[in-house]
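K.L.:
Provided herewith: upload.txt, compact mmCIF, C-alpha atoms.
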```txt
# COMPACT_ATOMS: atom_id res chain seq x y z
CA MET E 1 -28.21 38.31 6.74
CA SER E 2 -28.10 40.86 9.53
CA SER E 3 -26.32 44.18 9.13
CA THR E 4 -23.92 43.14 11.92
CA TYR E 5 -22.75 40.15 9.91
CA ARG E 6 -22.30 42.33 6.83
CA LEU E 7 -20.25 44.76 8.90
CA ARG E 8 -18.05 41.92 10.12
CA ARG E 9 -17.44 40.86 6.50
CA GLN E 10 -16.37 44.40 5.56
CA ASN E 11 -14.00 44.63 8.52
CA SER E 12 -12.59 41.12 8.19
CA SER E 13 -9.20 42.48 7.12
CA HIS E 14 -8.68 43.81 10.64
CA PRO E 15 -8.24 40.84 13.01
CA ARG E 16 -9.44 41.29 16.56
CA VAL E 17 -7.48 40.51 19.66
CA ARG E 18 -9.25 37.70 21.47
CA ASP E 19 -10.86 38.71 24.75
CA THR E 20 -9.73 36.99 27.91
CA VAL E 21 -13.37 36.10 28.63
CA ILE E 22 -14.89 33.43 26.39
CA LYS E 23 -18.36 34.40 25.23
CA PHE E 24 -20.85 31.82 24.02
CA LYS E 25 -24.11 32.19 22.14
CA THR E 26 -26.80 29.54 21.74
CA ASP E 27 -30.10 29.02 19.93
CA PHE E 28 -31.12 26.35 22.43
CA GLN E 29 -32.15 27.02 26.01
CA LYS E 30 -31.17 23.56 27.20
CA GLN E 31 -30.03 23.40 30.78
CA CYS E 32 -27.35 20.77 30.18
CA LEU E 33 -25.76 23.00 27.53
CA LEU E 34 -25.98 26.14 29.66
CA ASN E 35 -24.55 24.34 32.71
CA CYS E 36 -21.64 22.94 30.71
CA CYS E 37 -20.68 26.37 29.42
CA GLU E 38 -21.16 28.19 32.74
CA GLU E 39 -19.04 25.61 34.60
CA ARG E 40 -16.18 26.72 32.35
CA LYS E 41 -16.80 30.35 33.30
CA TRP E 42 -17.98 31.18 29.78
CA VAL E 43 -20.26 34.18 29.53
CA LEU E 44 -23.61 33.96 27.73
CA THR E 45 -24.23 36.66 25.13
CA ASP E 46 -26.99 37.46 22.66
CA SER E 47 -24.76 39.58 20.44
CA GLU E 48 -24.91 38.86 16.71
CA ASP E 49 -21.18 39.37 16.34
CA ASP E 50 -19.34 39.43 19.66
CA TRP E 51 -19.05 35.71 20.53
CA ASN E 52 -16.38 33.02 20.54
CA ILE E 53 -18.55 29.88 20.56
CA TYR E 54 -21.94 29.63 18.88
CA TRP E 55 -24.15 26.57 19.49
CA ALA E 56 -26.40 27.27 16.52
CA ASN E 57 -29.32 25.52 14.88
CA VAL E 58 -28.82 24.02 11.43
CA ALA E 59 -30.64 26.81 9.59
CA LYS E 60 -28.43 29.47 11.16
CA VAL E 61 -25.25 27.57 10.28
CA ARG E 62 -26.39 27.39 6.66
CA ARG E 63 -26.89 31.15 6.61
CA ILE E 64 -23.50 31.81 8.19
CA PHE E 65 -21.70 29.65 5.63
CA ASN E 66 -23.74 30.75 2.63
CA LEU E 67 -21.35 31.35 -0.28
CA GLU E 68 -23.34 34.37 -1.43
CA SER E 69 -22.96 36.15 1.91
CA GLY E 70 -19.17 36.04 1.92
CA ILE E 71 -19.20 35.58 5.69
CA ARG E 72 -16.13 33.98 7.27
CA LEU E 73 -15.58 33.28 10.94
CA ARG E 74 -12.80 35.00 12.80
CA ASP E 75 -9.90 32.91 14.08
CA ASP E 76 -11.35 33.12 17.60
CA GLN E 77 -14.84 31.93 16.60
CA ILE E 78 -16.19 28.38 16.27
CA VAL E 79 -19.64 26.91 15.70
CA ASN E 80 -21.07 23.46 16.49
CA HIS E 81 -21.69 22.35 12.89
CA PHE E 82 -19.70 22.14 9.69
CA PRO E 83 -21.46 23.46 6.59
CA ASN E 84 -23.34 20.70 4.75
CA HIS E 85 -22.82 18.33 7.69
CA TYR E 86 -26.06 16.57 6.68
CA GLU E 87 -24.10 15.02 3.79
CA LEU E 88 -22.91 12.54 6.43
CA THR E 89 -25.61 12.63 9.08
CA ARG E 90 -28.59 11.92 6.80
CA LYS E 91 -28.86 8.25 5.86
CA ASP E 92 -29.64 8.86 2.18
CA MET E 93 -26.75 11.32 1.80
CA MET E 94 -24.35 8.96 3.57
CA VAL E 95 -25.26 6.09 1.22
CA LYS E 96 -24.81 8.35 -1.81
CA ASN E 97 -21.43 9.67 -0.65
CA ILE E 98 -20.03 6.27 0.34
CA LYS E 99 -20.94 4.88 -3.10
CA ARG E 100 -19.38 7.92 -4.76
CA TYR E 101 -16.19 7.59 -2.69
CA LYS E 102 -15.91 3.88 -3.49
CA LYS E 103 -16.23 4.54 -7.24
CA GLN E 104 -13.63 7.29 -6.97
CA LEU E 105 -11.17 4.91 -5.27
CA GLU E 106 -11.79 2.22 -7.91
CA LYS E 107 -11.11 4.72 -10.72
CA GLN E 108 -7.85 5.64 -9.02
CA GLY E 109 -6.82 1.97 -8.94
CA GLN E 110 -7.11 1.72 -5.14
CA SER E 111 -9.16 -1.47 -5.18
CA LYS E 112 -8.04 -2.65 -1.74
CA THR E 113 -9.01 0.64 -0.13
CA ALA E 114 -12.31 0.60 -2.01
CA GLN E 115 -13.12 -2.80 -0.50
CA LEU E 116 -13.04 -1.19 2.96
CA MET E 117 -16.30 0.55 2.01
CA ASP E 118 -18.05 -2.84 1.92
CA PHE E 119 -18.80 -2.55 5.63
CA VAL E 120 -22.03 -0.86 4.51
CA PRO E 121 -24.63 -3.41 3.34
CA LEU E 122 -26.16 -3.15 -0.12
CA SER E 123 -28.40 -0.07 0.08
CA TYR E 124 -30.68 2.02 -2.13
CA ASN E 125 -32.36 5.38 -1.75
CA LEU E 126 -36.13 5.32 -2.24
CA PRO E 127 -38.09 6.31 -4.19
CA ALA E 128 -35.32 7.37 -6.61
CA ASP E 129 -33.59 3.96 -6.74
CA TYR E 130 -36.71 1.81 -6.65
CA PRO E 131 -36.31 0.29 -10.17
CA ILE E 132 -32.71 -0.72 -9.34
CA PHE E 133 -33.76 -2.11 -5.96
CA GLU E 134 -36.61 -4.11 -7.52
CA ASP E 135 -34.22 -5.66 -10.07
CA GLU E 136 -31.80 -6.63 -7.30
CA PHE E 137 -34.62 -8.03 -5.14
CA ARG E 138 -35.92 -10.22 -7.98
CA ARG E 139 -32.40 -11.36 -8.84
CA GLN E 140 -31.84 -12.53 -5.27
CA VAL E 141 -35.22 -14.30 -5.21
CA MET E 142 -34.26 -16.24 -8.35
CA TYR E 143 -30.88 -17.12 -6.84
CA ARG E 144 -32.50 -18.41 -3.64
CA GLU E 145 -34.99 -20.51 -5.61
CA GLN E 146 -32.17 -22.03 -7.66
CA LEU E 147 -30.22 -22.74 -4.49
CA LYS E 148 -33.25 -24.38 -2.87
CA LYS E 149 -33.78 -26.64 -5.90
CA LYS E 150 -30.12 -27.66 -5.74
CA VAL E 151 -30.36 -28.49 -2.02
CA ASP E 152 -33.60 -30.45 -2.52
CA LYS E 153 -32.02 -32.39 -5.37
CA GLU E 154 -28.96 -33.29 -3.29
CA SER E 155 -31.17 -34.32 -0.35
CA ASP E 156 -33.28 -36.62 -2.59
CA ALA E 157 -30.18 -38.23 -4.07
CA SER E 158 -28.63 -38.94 -0.67
CA THR E 159 -29.88 -41.67 1.69
CA SER E 160 -27.79 -40.42 4.59
CA VAL E 161 -28.74 -37.84 7.16
CA PRO E 162 -28.34 -34.33 5.71
CA SER E 163 -25.18 -32.55 6.76
CA MET E 164 -25.20 -29.50 8.96
CA SER E 165 -24.36 -27.32 5.98
CA SER E 166 -27.35 -28.64 4.03
CA SER E 167 -29.64 -28.15 7.02
CA SER E 168 -28.46 -24.59 7.56
CA VAL E 169 -28.98 -23.77 3.88
CA THR E 170 -32.46 -25.33 3.91
CA HIS E 171 -33.28 -23.17 6.97
CA LEU E 172 -32.99 -20.11 4.76
CA PHE E 173 -36.18 -21.02 2.94
CA HIS E 174 -38.88 -20.40 5.50
CA SER E 175 -42.36 -21.11 4.11
CA LYS E 176 -43.45 -17.51 4.68
CA GLN E 177 -40.25 -15.94 3.43
CA ARG E 178 -40.07 -15.13 -0.27
CA GLY E 179 -36.74 -13.32 -0.40
CA LEU E 180 -33.98 -12.04 1.82
CA LYS E 181 -34.94 -9.55 4.47
CA TRP E 182 -34.51 -5.85 3.79
CA ILE E 183 -34.69 -3.07 6.37
CA LEU E 184 -36.30 0.26 5.46
CA LYS E 185 -35.50 3.45 7.38
CA PRO E 186 -36.54 7.10 6.97
CA SER E 187 -33.52 9.16 5.96
CA SER E 188 -33.84 11.90 8.55
CA ARG E 189 -35.39 10.21 11.59
CA ALA E 190 -33.72 8.59 14.60
CA GLN E 191 -34.30 6.30 17.61
CA GLY E 192 -35.86 3.53 15.51
CA SER E 193 -38.78 5.65 14.30
CA GLY E 194 -40.47 4.47 11.12
CA ILE E 195 -38.37 1.32 10.57
CA VAL E 196 -39.94 -1.48 8.51
CA ILE E 197 -38.57 -4.95 7.65
CA ILE E 198 -39.80 -6.64 4.49
CA ASN E 199 -39.11 -9.83 2.54
CA ARG E 200 -41.68 -9.39 -0.24
CA LEU E 201 -42.17 -6.59 -2.74
CA SER E 202 -45.89 -6.72 -2.04
CA GLN E 203 -45.19 -5.73 1.58
CA LEU E 204 -43.36 -2.63 0.38
CA LYS E 205 -46.18 -1.70 -2.00
CA ARG E 206 -48.79 -2.12 0.76
CA TRP E 207 -46.71 0.03 3.06
CA THR E 208 -46.44 2.87 0.50
CA ASN E 209 -50.25 2.87 0.29
CA SER E 210 -50.67 3.03 4.07
CA SER E 211 -50.84 6.01 6.40
CA LYS E 212 -47.32 5.22 7.68
CA TYR E 213 -45.76 6.29 4.38
CA ASN E 214 -44.83 9.95 4.02
CA SER E 215 -44.42 10.96 0.38
CA ASN E 216 -42.41 14.03 1.45
CA GLU E 217 -39.70 11.86 3.02
CA THR E 218 -36.90 9.87 1.42
CA TYR E 219 -36.00 6.40 2.67
CA VAL E 220 -33.02 4.06 2.65
CA ILE E 221 -33.55 0.34 2.16
CA SER E 222 -30.64 -1.98 2.99
CA LYS E 223 -30.06 -5.69 2.92
CA TYR E 224 -30.70 -6.95 6.44
CA ILE E 225 -27.67 -8.47 8.16
CA GLU E 226 -29.11 -11.83 9.21
CA LYS E 227 -25.91 -13.09 10.88
CA PRO E 228 -24.73 -10.14 13.00
CA LEU E 229 -22.06 -10.20 15.66
CA LEU E 230 -23.75 -11.16 18.94
CA ILE E 231 -22.75 -11.09 22.60
CA GLY E 232 -24.55 -13.69 24.67
CA GLY E 233 -26.94 -14.23 21.77
CA ARG E 234 -28.06 -10.60 21.82
CA LYS E 235 -27.63 -7.78 19.34
CA PHE E 236 -25.81 -4.70 20.53
CA ASP E 237 -24.38 -1.42 19.34
CA LEU E 238 -21.49 0.70 20.51
CA ARG E 239 -21.74 4.42 21.11
CA LEU E 240 -18.37 6.08 20.65
CA PHE E 241 -17.82 9.82 20.57
CA ALA E 242 -15.51 11.81 18.34
CA LEU E 243 -14.92 15.53 17.91
CA VAL E 244 -13.99 16.57 14.38
CA VAL E 245 -12.30 19.95 14.52
CA SER E 246 -11.06 20.06 10.94
CA TYR E 247 -11.52 18.27 7.63
CA ARG E 248 -8.54 19.88 5.88
CA PRO E 249 -6.36 18.65 7.40
CA LEU E 250 -8.48 15.90 8.98
CA LYS E 251 -8.21 16.20 12.75
CA ILE E 252 -10.35 14.08 15.09
CA TYR E 253 -10.33 13.68 18.86
CA MET E 254 -11.70 10.37 20.18
CA TYR E 255 -13.31 10.38 23.61
CA SER E 256 -11.75 7.70 25.79
CA GLN E 257 -15.08 6.35 27.05
CA GLY E 258 -18.29 5.10 25.45
CA PHE E 259 -21.07 2.66 26.15
CA ALA E 260 -22.83 -0.36 24.67
CA ARG E 261 -26.57 -0.96 24.32
CA PHE E 262 -27.90 -4.53 24.36
CA SER E 263 -31.21 -5.92 23.15
CA ASN E 264 -33.47 -7.16 25.93
CA VAL E 265 -34.32 -10.32 23.92
CA LYS E 266 -32.07 -12.85 22.19
CA TYR E 267 -31.66 -12.48 18.45
CA THR E 268 -33.61 -14.74 16.10
CA THR E 269 -34.64 -14.64 12.44
CA GLU E 270 -37.85 -16.57 13.10
CA ARG E 271 -39.97 -13.49 13.84
```
The structure in this file should be written as structure tokens.

P.N.:
Amino acid sequence: MSSTYRLRRQNSSHPRVRDTVIKFKTDFQKQCLLNCCEERKWVLTDSEDDWNIYWANVAKVRRIFNLESGIRLRDDQIVNHFPNHYELTRKDMMVKNIKRYKKQLEKQGQSKTAQLMDFVPLSYNLPADYPIFEDEFRRQVMYREQLKKKVDKESDASTSVPSMSSSSVTHLFHSKQRGLKWILKPSSRAQGSGIVIINRLSQLKRWTNSSKYNSNETYVISKYIEKPLLIGGRKFDLRLFALVVSYRPLKIYMYSQGFARFSNVKYTTER
């Protein structure tokens, strides 16, 4: 840590009077960021200590909030990240923390609140959870095979035209589809990079032996939602924006506008 930061820690008992001019510091020379700040008449500074707003990179935020350094921000200083923010923004960390929170609620007897966490599909972190995932995959394969035998038996026993429910169940068992679909995503990538969809364990094993697999990365594999909410037969997602200014107490500002992104092709499970 720089000597300036250490000096600030030593003098933290003497609060400063906030300047009338807001000073911002940034690790990123992005024009959109600079324009946004300058439009508000904020002044750019490269000072290690004399700033009000710091748009910092993740590594710098970790150093600022390092417990060993003893550094604490002044009341007139804010940064763009919370410490350990990756506990929510990384896919593997998010899965881990949602599972932990759900178990905590169940232990406290808040079963109804715990059920709210079921909006996340069944998910596992790989490679750590692979044995558990494999057991669940095989269990679902056995269940589907038993269900198929039951449907076939009912169809053979009936001379009438199969009902819509029987037809829709039979549709689940595509000749090339061994089990339910699972979607695999790298934990720390974005914009659809590295996503793989599988329905056989052999596909996953082939993928881990291919050049697409990075042994230094962790992955999240989730049960694929085969009946998603559609608009006009197309998948979509909503982009909403929130500003979290405090966790204790929790204080969030929701932006009044957002946007939706639609697939350019209609959704189907046939491909």

K.L.:
List the neighbours of E:Asn125 out to 12 Å using all atoms listed in the file; skip same-chain residues closer than 4 positions along the sequence, and give me the result as a list in words.

P.N.:
Arg90, Lys91, Asp92, Met93, Met94, Val95, Lys96, Asn97, Lys99, Asp129, Tyr130, Pro131, Ile132, Phe133, Glu134, Ile183, Leu184, Lys185, Pro186, Ser187, Glu217, Thr218, Tyr219, Val220, Ile221 and Ser222 of chain E

K.L.:
So how far away is atom CA of E:Leu147 from atom CA of E:Glu270, in Å?

P.N.:
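That distance, rounded to one decimal, is 20.1 Å.
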
K.L.:
Nearest residue to E:Ser123 out of E:Lys205, E:His85, E:Lys30, E:Lys223, using only C-alpha atoms?

P.N.:
E:Lys223

K.L.:
Under the rule that all atoms listed in the file are counted, which of E:Pro127, E:Lys23, E:Val245, E:Ala190 is the nearest residue to E:Leu204?

P.N.:
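Going through E:Pro127, E:Lys23, E:Val245, E:Ala190 one by one, the smallest distance to E:Leu204 is for E:Pro127.
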
K.L.:
What does the distance between atom CA of E:Phe241 and atom CA of E:Ser256 come to in Å, to one decimal place?

P.N.:
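Value for the atom CA of E:Phe241-atom CA of E:Ser256 distance: 8.3 Å.
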
K.L.:
Please provide the set of residues having any atom within 10 Å of E:Leu238, restricted to all atoms listed in the file, with same-chain residues fewer than 5 positions apart removed, written as a list in words.

P.N.:
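Using all atoms listed in the file, the neighbours found are Gly258, Phe259, Ala260, Arg261 and Phe262 of chain E.
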
K.L.:
Considering only C-alpha atoms, can you say which of E:Phe137, E:Leu243, E:Arg62, E:Asp50 comes closest to E:Asn199?

P.N.:
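Residue with the minimum atom-to-atom distance to E:Asn199: E:Phe137.
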
K.L.:
Take atom CA of E:Phe24 and atom CA of E:Trp42 and report the distance between them in Å, one decimal.

P.N.:
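Between these atoms lies a distance of 6.5 Å.
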
K.L.:
List as a compact mmCIF listing (two decimals) with C-alpha atoms, keeping the file's coordinate frame the protein and nucleic acid residues near E:Arg200, meaning an atom at most 12 Å away when all atoms listed in the file are counted, but skip any in the same chain fewer than 2 places from it.

P.N.:
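The result, written out as result12.txt:
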```
# COMPACT_ATOMS: atom_id res chain seq x y z
CA GLU E 134 -36.61 -4.11 -7.52
CA PHE E 137 -34.62 -8.03 -5.14
CA ARG E 138 -35.92 -10.22 -7.98
CA GLN E 140 -31.84 -12.53 -5.27
CA VAL E 141 -35.22 -14.30 -5.21
CA LYS E 176 -43.45 -17.51 4.68
CA GLN E 177 -40.25 -15.94 3.43
CA ARG E 178 -40.07 -15.13 -0.27
CA GLY E 179 -36.74 -13.32 -0.40
CA LEU E 180 -33.98 -12.04 1.82
CA LYS E 181 -34.94 -9.55 4.47
CA TRP E 182 -34.51 -5.85 3.79
CA ILE E 183 -34.69 -3.07 6.37
CA VAL E 196 -39.94 -1.48 8.51
CA ILE E 197 -38.57 -4.95 7.65
CA ILE E 198 -39.80 -6.64 4.49
CA SER E 202 -45.89 -6.72 -2.04
CA GLN E 203 -45.19 -5.73 1.58
CA LEU E 204 -43.36 -2.63 0.38
CA LYS E 205 -46.18 -1.70 -2.00
CA ARG E 206 -48.79 -2.12 0.76
CA TRP E 207 -46.71 0.03 3.06
```

K.L.:
Excluding stretch 55-58 of chain E and residues on its chain fewer than 3 positions from it, collect all residues at most 12 Å away from it, counting only C-alpha atoms, and give them as a ChimeraX atom specification.

P.N.:
/E:23-30,33-34,37,44-46,48,51-52,61-65,77-86

K.L.:
Quick one: axis-aligned box around all listed atoms of stretch 93-111 of chain E, 6 Å on every side, centre and edge lengths in Å to one decimal, written as JSON.

P.N.:
```
{"center_x": -16.8, "center_y": 4.9, "center_z": -3.6, "size_x": 31.9, "size_y": 24.8, "size_z": 26.3}
```

K.L.:
Pick out the residues sitting within 12 Å of E:Phe236, and hand them over as a PyMOL selection string; count only C-alpha atoms, and ignore anything fewer than 4 positions along from it in its own chain.

P.N.:
chain E and resi 228-232+259-267

K.L.:
Hey, could you patch up stretch 50-73 of chain E with N, CA and C atoms and hand it over as a PDB file, in the frame of the given file?

P.N.:
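Result file follows (rebuild38.pdb):
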```pdb
ATOM      1  N   ASP E  50     -20.363  39.528  18.616  1.00  0.00           N
ATOM      2  CA  ASP E  50     -19.340  39.430  19.660  1.00  0.00           C
ATOM      3  C   ASP E  50     -19.502  38.118  20.440  1.00  0.00           C
ATOM      4  N   TRP E  51     -19.022  37.021  19.884  1.00  0.00           N
ATOM      5  CA  TRP E  51     -19.050  35.710  20.530  1.00  0.00           C
ATOM      6  C   TRP E  51     -17.855  34.898  20.069  1.00  0.00           C
ATOM      7  N   ASN E  52     -17.473  33.930  20.889  1.00  0.00           N
ATOM      8  CA  ASN E  52     -16.380  33.020  20.540  1.00  0.00           C
ATOM      9  C   ASN E  52     -16.891  31.633  20.150  1.00  0.00           C
ATOM     10  N   ILE E  53     -17.972  31.203  20.817  1.00  0.00           N
ATOM     11  CA  ILE E  53     -18.550  29.880  20.560  1.00  0.00           C
ATOM     12  C   ILE E  53     -20.044  30.060  20.332  1.00  0.00           C
ATOM     13  N   TYR E  54     -20.522  29.504  19.225  1.00  0.00           N
ATOM     14  CA  TYR E  54     -21.940  29.630  18.880  1.00  0.00           C
ATOM     15  C   TYR E  54     -22.524  28.234  18.692  1.00  0.00           C
ATOM     16  N   TRP E  55     -23.433  27.847  19.609  1.00  0.00           N
ATOM     17  CA  TRP E  55     -24.150  26.570  19.490  1.00  0.00           C
ATOM     18  C   TRP E  55     -25.439  26.883  18.715  1.00  0.00           C
ATOM     19  N   ALA E  56     -25.351  26.775  17.394  1.00  0.00           N
ATOM     20  CA  ALA E  56     -26.400  27.270  16.520  1.00  0.00           C
ATOM     21  C   ALA E  56     -27.278  26.149  15.988  1.00  0.00           C
ATOM     22  N   ASN E  57     -28.483  26.504  15.561  1.00  0.00           N
ATOM     23  CA  ASN E  57     -29.320  25.520  14.880  1.00  0.00           C
ATOM     24  C   ASN E  57     -28.846  25.378  13.435  1.00  0.00           C
ATOM     25  N   VAL E  58     -29.316  24.349  12.771  1.00  0.00           N
ATOM     26  CA  VAL E  58     -28.820  24.020  11.430  1.00  0.00           C
ATOM     27  C   VAL E  58     -29.099  25.151  10.447  1.00  0.00           C
ATOM     28  N   ALA E  59     -30.285  25.752  10.529  1.00  0.00           N
ATOM     29  CA  ALA E  59     -30.640  26.810   9.590  1.00  0.00           C
ATOM     30  C   ALA E  59     -29.702  28.010   9.723  1.00  0.00           C
ATOM     31  N   LYS E  60     -29.335  28.340  10.951  1.00  0.00           N
ATOM     32  CA  LYS E  60     -28.430  29.470  11.160  1.00  0.00           C
ATOM     33  C   LYS E  60     -27.036  29.162  10.628  1.00  0.00           C
ATOM     34  N   VAL E  61     -26.565  27.944  10.797  1.00  0.00           N
ATOM     35  CA  VAL E  61     -25.250  27.570  10.280  1.00  0.00           C
ATOM     36  C   VAL E  61     -25.238  27.686   8.756  1.00  0.00           C
ATOM     37  N   ARG E  62     -26.325  27.281   8.123  1.00  0.00           N
ATOM     38  CA  ARG E  62     -26.390  27.390   6.660  1.00  0.00           C
ATOM     39  C   ARG E  62     -26.322  28.846   6.220  1.00  0.00           C
ATOM     40  N   ARG E  63     -26.944  29.733   6.969  1.00  0.00           N
ATOM     41  CA  ARG E  63     -26.890  31.150   6.610  1.00  0.00           C
ATOM     42  C   ARG E  63     -25.497  31.721   6.826  1.00  0.00           C
ATOM     43  N   ILE E  64     -24.842  31.305   7.908  1.00  0.00           N
ATOM     44  CA  ILE E  64     -23.500  31.810   8.190  1.00  0.00           C
ATOM     45  C   ILE E  64     -22.529  31.417   7.088  1.00  0.00           C
ATOM     46  N   PHE E  65     -22.650  30.155   6.608  1.00  0.00           N
ATOM     47  CA  PHE E  65     -21.700  29.650   5.630  1.00  0.00           C
ATOM     48  C   PHE E  65     -22.228  29.740   4.198  1.00  0.00           C
ATOM     49  N   ASN E  66     -23.218  30.563   3.973  1.00  0.00           N
ATOM     50  CA  ASN E  66     -23.740  30.750   2.630  1.00  0.00           C
ATOM     51  C   ASN E  66     -22.676  31.412   1.755  1.00  0.00           C
ATOM     52  N   LEU E  67     -22.402  30.815   0.595  1.00  0.00           N
ATOM     53  CA  LEU E  67     -21.350  31.350  -0.280  1.00  0.00           C
ATOM     54  C   LEU E  67     -21.676  32.753  -0.766  1.00  0.00           C
ATOM     55  N   GLU E  68     -22.954  33.062  -0.927  1.00  0.00           N
ATOM     56  CA  GLU E  68     -23.340  34.370  -1.430  1.00  0.00           C
ATOM     57  C   GLU E  68     -23.111  35.480  -0.415  1.00  0.00           C
ATOM     58  N   SER E  69     -23.119  35.131   0.872  1.00  0.00           N
ATOM     59  CA  SER E  69     -22.960  36.150   1.910  1.00  0.00           C
ATOM     60  C   SER E  69     -21.507  36.597   2.062  1.00  0.00           C
ATOM     61  N   GLY E  70     -20.575  35.705   1.757  1.00  0.00           N
ATOM     62  CA  GLY E  70     -19.170  36.040   1.920  1.00  0.00           C
ATOM     63  C   GLY E  70     -18.710  36.061   3.365  1.00  0.00           C
ATOM     64  N   ILE E  71     -19.533  35.555   4.274  1.00  0.00           N
ATOM     65  CA  ILE E  71     -19.200  35.580   5.690  1.00  0.00           C
ATOM     66  C   ILE E  71     -18.128  34.541   5.997  1.00  0.00           C
ATOM     67  N   ARG E  72     -17.149  34.917   6.791  1.00  0.00           N
ATOM     68  CA  ARG E  72     -16.130  33.980   7.270  1.00  0.00           C
ATOM     69  C   ARG E  72     -15.938  34.213   8.762  1.00  0.00           C
ATOM     70  N   LEU E  73     -15.790  33.144   9.507  1.00  0.00           N
ATOM     71  CA  LEU E  73     -15.580  33.280  10.940  1.00  0.00           C
ATOM     72  C   LEU E  73     -14.195  33.832  11.232  1.00  0.00           C
TER      73      LEU E  73
END
```
